[in-house]
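This is upload36.txt. It holds compact mmCIF, C-alpha atoms.
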# COMPACT_ATOMS: atom_id res chain seq x y z
CA MET O 258 0.00 0.00 0.00
CA GLN O 259 1.34 3.36 -0.96
CA THR O 260 1.79 5.77 1.94
CA GLN O 261 -0.12 8.97 1.44
CA LYS O 262 2.12 12.00 1.54
CA ALA O 263 1.67 13.78 4.88
CA HIS O 264 0.19 17.23 4.72
CA THR O 265 2.17 19.95 6.40
CA LEU O 266 1.40 23.40 7.74
CA GLU O 267 3.59 26.42 7.19
CA LEU O 268 3.36 28.74 10.20
CA ILE O 269 5.17 31.76 11.53
CA VAL O 270 6.15 31.15 15.15
CA ASN O 271 7.85 33.95 17.09
CA GLY O 272 8.80 35.60 13.83
CA GLN O 273 10.36 32.49 12.30
CA PRO O 274 8.94 30.11 9.64
CA HIS O 275 7.93 26.80 11.16
CA THR O 276 6.65 23.66 9.50
CA CYS O 277 4.55 21.08 11.30
CA ALA O 278 2.37 18.14 10.37
CA ALA O 279 -1.29 18.66 9.61
CA PRO O 280 -3.39 18.48 11.60
CA THR O 281 -1.69 19.97 14.66
CA THR O 282 -3.41 21.54 17.62
CA LEU O 283 -2.00 24.52 19.46
CA ALA O 284 -1.52 22.30 22.53
CA GLN O 285 0.65 19.93 20.48
CA LEU O 286 2.72 22.77 19.08
CA VAL O 287 3.29 24.26 22.52
CA SER O 288 4.33 20.94 24.02
CA THR O 289 6.86 20.52 21.20
CA LEU O 290 8.31 24.02 21.13
CA ALA O 291 8.03 25.21 24.71
CA PRO O 292 7.73 22.12 26.90
CA ALA O 293 9.12 23.67 30.10
CA SER O 294 8.34 27.35 29.94
CA GLY O 295 6.08 27.54 32.98
CA ALA O 296 3.56 30.31 32.61
CA LEU O 297 3.03 30.72 28.90
CA VAL O 298 0.68 32.77 26.82
CA VAL O 299 -0.08 32.39 23.14
CA GLU O 300 -1.23 34.92 20.59
CA ARG O 301 -2.64 33.55 17.34
CA ASN O 302 -3.05 36.08 14.56
CA GLY O 303 -3.08 38.85 17.14
CA HIS O 304 -5.62 37.27 19.48
CA ILE O 305 -4.81 35.71 22.83
CA ILE O 306 -5.84 32.05 22.98
CA ALA O 307 -6.86 30.96 26.48
CA GLN O 308 -4.97 27.92 27.70
CA GLU O 309 -8.21 25.93 28.05
CA ALA O 310 -8.72 26.30 24.29
CA TRP O 311 -5.28 25.11 23.19
CA ALA O 312 -6.31 21.44 22.89
CA THR O 313 -9.17 22.22 20.54
CA CYS O 314 -7.44 24.94 18.55
CA SER O 315 -6.48 23.42 15.18
CA LEU O 316 -3.74 25.37 13.50
CA GLU O 317 -4.14 26.53 9.93
CA ALA O 318 -1.63 27.31 7.21
CA GLY O 319 -0.31 30.83 7.50
CA ASP O 320 -1.11 31.22 11.19
CA VAL O 321 1.10 33.75 12.94
CA LEU O 322 1.81 32.63 16.50
CA GLU O 323 3.56 34.32 19.37
CA LEU O 324 4.65 32.17 22.31
CA ILE O 325 5.39 34.48 25.20
CA HIS O 326 6.70 33.74 28.67
CA PHE O 327 8.17 35.51 31.68
CA VAL O 328 11.85 36.39 31.79
CA GLY O 329 13.92 38.36 34.24
CA GLY O 330 13.16 42.07 34.40
CA GLY O 331 12.92 45.00 36.77
CA MET K 206 -6.13 78.83 57.78
CA THR K 207 -2.71 79.27 59.28
CA HIS K 208 -0.21 76.64 58.43
CA PRO K 209 0.89 74.86 61.62
CA GLU K 210 4.49 75.81 60.99
CA HIS K 211 3.51 79.48 61.34
CA THR K 212 2.03 79.10 64.81
CA PRO K 213 3.91 79.48 68.09
CA MET K 214 3.68 75.70 68.42
CA ALA K 215 5.91 75.33 65.41
CA ALA K 216 9.13 74.79 67.32
CA ASP K 217 7.78 71.66 68.98
CA GLN K 218 5.93 70.49 65.93
CA ASN K 219 9.16 70.49 64.01
CA MET K 220 9.73 67.17 65.66
CA THR K 221 6.89 65.68 63.61
CA PRO K 222 7.04 65.22 59.85
CA ALA K 223 6.53 68.53 58.09
CA ASN K 224 4.53 66.85 55.32
CA SER K 225 0.92 67.83 55.95
CA HIS K 226 -0.22 64.75 54.02
CA THR K 227 1.43 62.40 56.48
CA PRO K 228 -0.95 59.45 56.64
CA THR K 229 -1.91 57.71 59.82
CA PRO K 230 -0.51 54.27 59.13
CA PRO K 231 -2.62 51.23 59.97
CA ALA K 232 -1.68 49.47 63.20
CA ASP K 233 0.41 46.90 61.35
CA ASP K 234 1.74 49.57 58.94
CA ALA K 235 0.76 47.48 55.93
CA LEU K 236 1.01 49.05 52.51
CA ILE K 237 -2.28 48.41 50.77
CA ILE K 238 -2.20 48.23 46.98
CA GLY K 239 -4.95 46.75 44.88
CA GLY K 240 -6.62 45.54 48.06
CA GLU K 241 -3.54 43.54 49.02
CA ARG K 242 -1.79 44.12 52.35
CA LEU K 243 1.96 44.20 51.97
CA HIS K 244 4.17 44.03 55.02
CA SER K 245 7.42 44.47 53.14
CA ARG K 246 7.95 47.80 51.42
CA LEU K 247 10.78 46.53 49.26
CA PHE K 248 9.85 45.33 45.79
CA ILE K 249 12.52 43.39 43.93
CA GLY K 250 13.22 42.57 40.29
CA THR K 251 14.45 39.48 38.49
CA GLY K 252 16.72 40.96 35.81
CA LYS K 253 20.51 40.89 35.49
CA TYR K 254 21.25 38.05 37.90
CA GLY K 255 24.39 36.12 37.12
CA ALA K 256 22.39 32.99 37.94
CA ASP K 257 18.61 33.02 38.11
CA ALA K 258 18.82 30.19 40.63
CA LEU K 259 19.85 32.90 43.15
CA ILE K 260 16.43 34.52 42.97
CA PRO K 261 14.70 32.39 45.64
CA GLN K 262 17.50 33.12 48.12
CA VAL K 263 17.46 36.82 47.22
CA ALA K 264 13.70 36.94 47.68
CA ALA K 265 13.90 35.23 51.06
CA ALA K 266 16.75 37.46 52.29
CA SER K 267 15.01 40.64 51.15
CA GLY K 268 11.68 39.79 52.74
CA ALA K 269 10.01 41.23 49.63
CA GLN K 270 6.49 40.16 48.71
CA VAL K 271 6.33 41.77 45.27
CA ILE K 272 8.62 40.77 42.41
CA THR K 273 8.82 42.11 38.87
CA VAL K 274 9.19 40.11 35.67
CA ALA K 275 9.26 40.93 31.96
CA LEU K 276 7.55 39.22 29.02
CA ARG K 277 9.42 38.04 25.97
CA ARG K 278 9.08 35.53 23.19
CA VAL K 279 10.00 31.99 24.15
CA ASP K 280 13.53 31.34 22.92
CA MET K 281 12.96 28.52 20.43
CA SER K 282 16.61 27.50 20.58
CA GLY K 283 16.14 26.75 24.26
CA ALA K 284 19.11 28.94 25.15
CA GLN K 285 17.14 31.17 27.51
CA ALA K 286 14.81 29.52 29.99
CA GLY K 287 11.86 31.26 31.56
CA ILE K 288 12.11 32.81 34.99
CA PHE K 289 8.89 31.43 36.39
CA GLN K 290 10.39 28.34 38.01
CA HIS K 291 12.64 30.55 40.18
CA ILE K 292 9.91 32.74 41.65
CA PRO K 293 8.60 31.74 45.07
CA LYS K 294 4.92 30.87 44.75
CA HIS K 295 3.78 33.13 47.59
CA MET K 296 5.06 36.28 45.90
CA ARG K 297 2.88 38.80 44.09
CA LEU K 298 4.02 38.95 40.48
CA LEU K 299 4.35 42.41 38.98
CA PRO K 300 4.93 42.00 35.23
CA ASN K 301 6.33 45.05 33.48
CA THR K 302 5.69 46.26 29.96
CA SER K 303 9.36 46.73 29.13
CA GLY K 304 9.93 46.79 25.42
CA ALA K 305 6.79 48.85 24.84
CA ARG K 306 7.33 52.07 22.92
CA THR K 307 3.68 53.10 22.70
CA ALA K 308 0.57 52.94 24.85
CA GLU K 309 -0.86 50.32 22.51
CA GLU K 310 2.14 48.04 22.92
CA ALA K 311 2.00 48.40 26.68
CA VAL K 312 -1.69 47.50 26.70
CA ARG K 313 -0.97 44.45 24.57
CA ILE K 314 1.81 43.28 26.88
CA ALA K 315 -0.39 43.81 29.93
CA ARG K 316 -3.16 41.68 28.46
CA LEU K 317 -0.66 38.95 27.59
CA ALA K 318 0.68 39.00 31.14
CA LYS K 319 -2.80 38.68 32.57
CA ALA K 320 -3.62 35.84 30.16
CA ALA K 321 -0.57 33.97 31.43
CA GLY K 322 -2.58 33.54 34.60
CA CYS K 323 -0.48 35.51 37.02
CA GLY K 324 -2.87 38.10 38.33
CA ASN K 325 -3.84 41.58 37.29
CA TRP K 326 -0.99 43.75 38.49
CA ILE K 327 0.99 45.56 35.83
CA LYS K 328 3.93 47.94 35.89
CA ILE K 329 3.56 50.26 32.91
CA GLU K 330 6.91 51.06 31.38
CA ILE K 331 6.88 52.87 28.04
CA ILE K 332 10.25 53.97 26.75
CA ARG K 333 11.09 55.54 23.41
CA ASP K 334 14.57 56.76 24.28
CA ALA K 335 17.05 53.91 24.14
CA ARG K 336 19.95 55.89 25.59
CA HIS K 337 18.44 57.35 28.74
CA LEU K 338 15.52 54.91 29.15
CA LEU K 339 13.27 57.68 30.39
CA PRO K 340 9.53 56.98 30.41
CA ASP K 341 7.00 58.66 28.12
CA GLY K 342 4.52 60.31 30.47
CA TYR K 343 1.75 60.94 27.94
CA ALA K 344 1.76 57.38 26.59
CA THR K 345 2.00 56.02 30.14
CA ALA K 346 -1.12 57.94 31.19
CA LYS K 347 -3.00 56.68 28.12
CA ALA K 348 -2.09 53.06 28.82
CA THR K 349 -2.90 53.48 32.51
CA GLU K 350 -6.37 54.77 31.70
CA ILE K 351 -7.15 51.84 29.40
CA LEU K 352 -5.80 49.17 31.72
CA ALA K 353 -7.28 50.58 34.93
CA ALA K 354 -10.68 50.57 33.21
CA GLU K 355 -10.13 46.88 32.42
CA GLY K 356 -9.56 46.12 36.08
CA PHE K 357 -5.78 46.02 36.18
CA VAL K 358 -3.92 47.23 39.25
CA VAL K 359 -1.70 49.69 37.42
CA LEU K 360 1.66 50.82 38.77
CA PRO K 361 3.17 53.22 36.23
CA TYR K 362 6.88 53.90 36.06
CA MET K 363 7.28 57.64 35.54
CA ASN K 364 9.42 60.71 35.61
CA PRO K 365 8.74 62.46 38.92
CA ASP K 366 6.71 65.22 37.29
CA LEU K 367 3.75 66.66 39.16
CA TYR K 368 1.47 66.99 36.14
CA VAL K 369 2.21 63.49 34.89
CA ALA K 370 1.51 62.20 38.39
CA ARG K 371 -1.82 64.03 38.47
CA ASP K 372 -2.70 62.58 35.06
CA LEU K 373 -1.89 59.12 36.37
CA VAL K 374 -4.11 59.68 39.41
CA SER K 375 -6.96 60.70 37.09
CA ALA K 376 -6.24 57.70 34.87
CA GLY K 377 -6.81 55.30 37.75
CA ALA K 378 -3.28 54.29 38.78
CA ALA K 379 -2.97 52.32 42.03
CA ALA K 380 0.38 53.96 42.81
CA VAL K 381 2.99 55.98 40.98
CA MET K 382 6.58 54.87 40.55
CA PRO K 383 8.93 57.80 40.00
CA LEU K 384 12.52 57.12 39.04
CA GLY K 385 15.29 58.07 41.45
CA SER K 386 17.75 58.23 38.54
CA PRO K 387 17.98 56.51 35.17
CA ILE K 388 17.28 52.76 35.09
CA GLY K 389 20.16 50.57 36.13
CA SER K 390 22.44 53.53 36.83
CA ASN K 391 22.80 53.04 40.60
CA ARG K 392 23.09 56.85 40.85
CA GLY K 393 20.57 57.11 43.66
CA LEU K 394 18.01 59.81 44.38
CA ALA K 395 19.07 62.34 41.74
CA THR K 396 15.41 63.41 41.52
CA ARG K 397 14.99 63.83 45.28
CA GLU K 398 13.46 67.33 45.07
CA MET K 399 10.90 66.29 42.45
CA ILE K 400 9.96 63.17 44.38
CA GLY K 401 9.51 65.41 47.42
CA ILE K 402 6.92 67.41 45.48
CA LEU K 403 5.02 64.25 44.59
CA LEU K 404 5.10 63.19 48.24
CA GLU K 405 3.50 66.49 49.19
CA GLU K 406 0.90 66.63 46.44
CA ILE K 407 -0.07 63.12 45.38
CA ALA K 408 -2.30 61.04 47.60
CA LEU K 409 -1.40 57.69 45.99
CA PRO K 410 1.47 55.54 47.27
CA ILE K 411 4.77 56.76 45.83
CA ILE K 412 7.09 53.85 45.04
CA VAL K 413 10.59 54.94 44.12
CA ASP K 414 11.69 52.84 41.17
CA ALA K 415 14.91 52.83 39.19
CA GLY K 416 18.34 54.13 39.97
CA ILE K 417 18.57 53.26 43.65
CA GLY K 418 22.10 51.96 44.03
CA ARG K 419 22.63 51.57 47.76
CA PRO K 420 20.61 50.66 50.83
CA SER K 421 21.24 54.16 52.26
CA GLN K 422 19.48 55.67 49.22
CA ALA K 423 16.47 53.40 49.66
CA CYS K 424 16.45 54.30 53.33
CA GLU K 425 16.45 58.01 52.48
CA ALA K 426 13.54 57.58 50.07
CA MET K 427 11.58 55.83 52.81
CA GLU K 428 12.48 58.51 55.40
CA MET K 429 11.09 61.08 52.97
CA GLY K 430 7.77 59.27 52.97
CA ALA K 431 7.95 56.96 49.97
CA ALA K 432 5.54 54.06 50.35
CA ALA K 433 8.03 51.54 48.98
CA CYS K 434 11.13 51.12 46.83
CA LEU K 435 11.69 48.86 43.85
CA VAL K 436 15.27 47.63 43.57
CA ASN K 437 16.66 45.32 40.92
CA THR K 438 20.08 46.19 39.52
CA ALA K 439 21.68 47.20 42.81
CA ILE K 440 20.92 43.76 44.25
CA ALA K 441 21.51 41.73 41.12
CA VAL K 442 24.96 43.15 40.35
CA ALA K 443 26.18 43.27 43.95
CA GLY K 444 29.18 41.17 44.93
CA ASN K 445 26.84 39.09 47.07
CA PRO K 446 23.26 39.55 45.87
CA VAL K 447 21.76 37.62 48.79
CA GLY K 448 23.65 39.74 51.30
CA MET K 449 22.68 42.93 49.48
CA ALA K 450 19.03 41.86 49.37
CA LYS K 451 19.08 41.53 53.14
CA ALA K 452 20.75 44.94 53.46
CA PHE K 453 18.07 46.57 51.30
CA GLY K 454 15.28 44.90 53.26
CA THR K 455 16.75 46.24 56.50
CA ALA K 456 17.33 49.72 55.07
CA VAL K 457 13.80 50.04 53.71
CA ALA K 458 12.34 48.93 57.02
CA ALA K 459 14.60 51.38 58.92
CA GLY K 460 13.65 54.25 56.65
CA ARG K 461 9.97 53.48 57.06
CA ALA K 462 10.32 53.27 60.83
CA ALA K 463 12.10 56.64 60.81
CA TYR K 464 9.34 58.21 58.73
CA CYS K 465 6.65 56.86 61.04
CA ALA K 466 8.57 58.05 64.08
CA GLY K 467 8.86 61.56 62.65
CA VAL K 468 12.25 62.69 61.43
CA GLY K 469 13.60 65.53 63.57
CA ARG K 470 13.86 69.06 62.24
CA VAL K 471 16.93 70.49 60.56
CA LEU K 472 18.44 73.75 61.79
CA HIS K 473 19.66 75.70 58.81
CA GLU K 474 21.90 77.85 60.98
CA GLY K 475 23.27 77.78 64.48
CA SER K 476 23.03 74.81 66.79
CA ALA K 477 20.98 73.40 69.63
CA ALA K 478 22.85 71.44 72.25
CA SER K 479 21.45 68.14 73.33
CA SER K 480 22.64 68.54 76.92
CA PRO K 481 21.17 71.03 79.44
CA GLN K 482 22.54 74.54 79.00
CA GLU K 483 21.25 76.32 82.14
CA GLU K 484 24.74 76.97 83.37
CA SER K 485 28.06 77.42 81.74
CA LEU K 486 29.52 74.31 80.18
CA THR K 487 31.90 73.61 83.02
CA GLY K 488 29.69 75.01 85.79
CA PHE K 489 29.51 71.75 87.67
CA LEU K 490 33.26 71.86 88.04
CA HIS K 491 32.93 75.06 90.02
CA SER K 492 30.08 74.02 92.32
CA PRO K 493 31.03 74.14 96.01
CA ALA K 494 31.92 70.67 97.16
CA LYS K 495 29.48 69.28 99.73
CA GLU K 496 30.92 68.85 103.17

Would you put the structure from the file into structure tokens?
Amino acid sequence: MQTQKAHTLELIVNGQPHTCAAPTTLAQLVSTLAPASGALVVERNGHIIAQEAWATCSLEAGDVLELIHFVGGG
Amino acid sequence: MTHPEHTPMAADQNMTPANSHTPTPPADDALIIGGERLHSRLFIGTGKYGADALIPQVAAASGAQVITVALRRVDMSGAQAGIFQHIPKHMRLLPNTSGARTAEEAVRIARLAKAAGCGNWIKIEIIRDARHLLPDGYATAKATEILAAEGFVVLPYMNPDLYVARDLVSAGAAAVMPLGSPIGSNRGLATREMIGILLEEIALPIIVDAGIGRPSQACEAMEMGAAACLVNTAIAVAGNPVGMAKAFGTAVAAGRAAYCAGVGRVLHEGSAASSPQEESLTGFLHSPAKE
């Protein structure tokens, strides 16, 4: 049986091009890219996505994502 | 109405703080901001530490209850870890909007910070001048107005300017945070006179932020009547940050105690001996010896 070619998604994550398999949820992307960031907040196309919604948020081609966390500051 | 200092009682009243706005502190002298009772009047930051793992020890040594953080993109290379794991869970997080150049950017950062699930306090910091890092008062007031209306507890970093402070009061700030000197400079209370004007005129807590380099400078700010001090660089770049955190905690508490006790008056000329002066200085030497 011939394997069907996997679909991929081209995203922009934190200003950089990023390719992931389709479908991918936001929760999956976060667990891959920022597994140990503690408090994390995500903006998708300029809108904050509540953490409760990450698991059901299916990413789409062209999505612009910002993964933000706390760093040292005064 | 005659100002108390112009009455015959003035000489004695000089022993109480001259500031007519001197509040009557609550019995436990808590600083209340956003409905929260704070027993430490030292706020600390989390930037510039040689090792972020020092932060829990610094926090414990300082006694601080409020700690600032910044927001940045997650470093996808994994080179820079987040700070969250190093912050003691009992502390009140005060995210700043550093990096914002406009009111809109500050509002965006504040909303992101709140969405991260760490409360609704925000330190507004809007800077368009990369060399001096001085805050933009107009943009800061605009952001304060928007965020206060959304329910944030807004603590704006500001130049100690009376009109900016009044705008921030009108905008709904929970406190104002004038700079002592430029950020990270450790040059101390270069703006002492201007901060003094805010202490006289502004009813909100005045939290001296930025530039405090030594515990003695934090102590002086507290003696003047500041509600609190925010110290980051001076602790983080000290030879022993944990030791310096303890020194700042002690200095801030001492300055506050001095303010509450009423700092004694200053004589601008002459002197006033502390020992009785009814007779000449060596009079007792000449008293007849008792038989």

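The space separating atom CA of K:Leu276 from atom CA of K:Ile411 comes to 24.5 Å.
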
(request) Identify, on the basis of all atoms listed in the file, every residue whose closest approach to O:Ala279 does not exceed 12 Å; exclude the query and any residue fewer than 3 positions from it along the same chain; express the result as a count of residues only. (result) 16

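Counting all atoms listed in the file, every residue of chain K that comes within 6 Å of chain O is listed here: Gly250, Thr251, Gly252, Thr273, Val274, Ala275, Leu276, Arg277, Arg278, Val279, Gly287, Ile288, Phe289, Ala321 and Asn437 of chain K.
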
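Note that atom CA of K:Ile407 and atom CA of K:Asp372 are 10.7 Å apart.
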
(request) Take atom CA of K:Glu241 and atom CA of K:Ile412 and report the distance between them in Å, one decimal. (result) 15.3 Å

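When the distance limit is 9 Å and only C-alpha atoms are what count, the residues near K:Glu310, minus those fewer than 5 positions from it on the same chain, are Thr302, Gly304, Ala305, Ala315, Ile331 and Ala348 of chain K.
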
(request) Identify which of the residues K:Val358, K:Leu247, K:Ile402, K:Ala256 lies closest to K:Phe453, counting only C-alpha atoms when measuring atom-to-atom distances. (result) K:Leu247

(request) For K:Arg246, list every protein, DNA or RNA residue within 10 Å, evaluated using only C-alpha atoms, and leave out those in the same chain fewer than 5 positions away; present the list as a PyMOL selection string. (result) chain K and resi 234-236+268-271+412+427+431-435+454+457-458+461

(message) Counting only C-alpha atoms, which residues have an atom no more than 7 Å from (14.2, 59.0, 42.7) in the file's coordinates? Please list them as a ChimeraX atom specification.
(response) /K:383-386,393-397,400,413-414,416
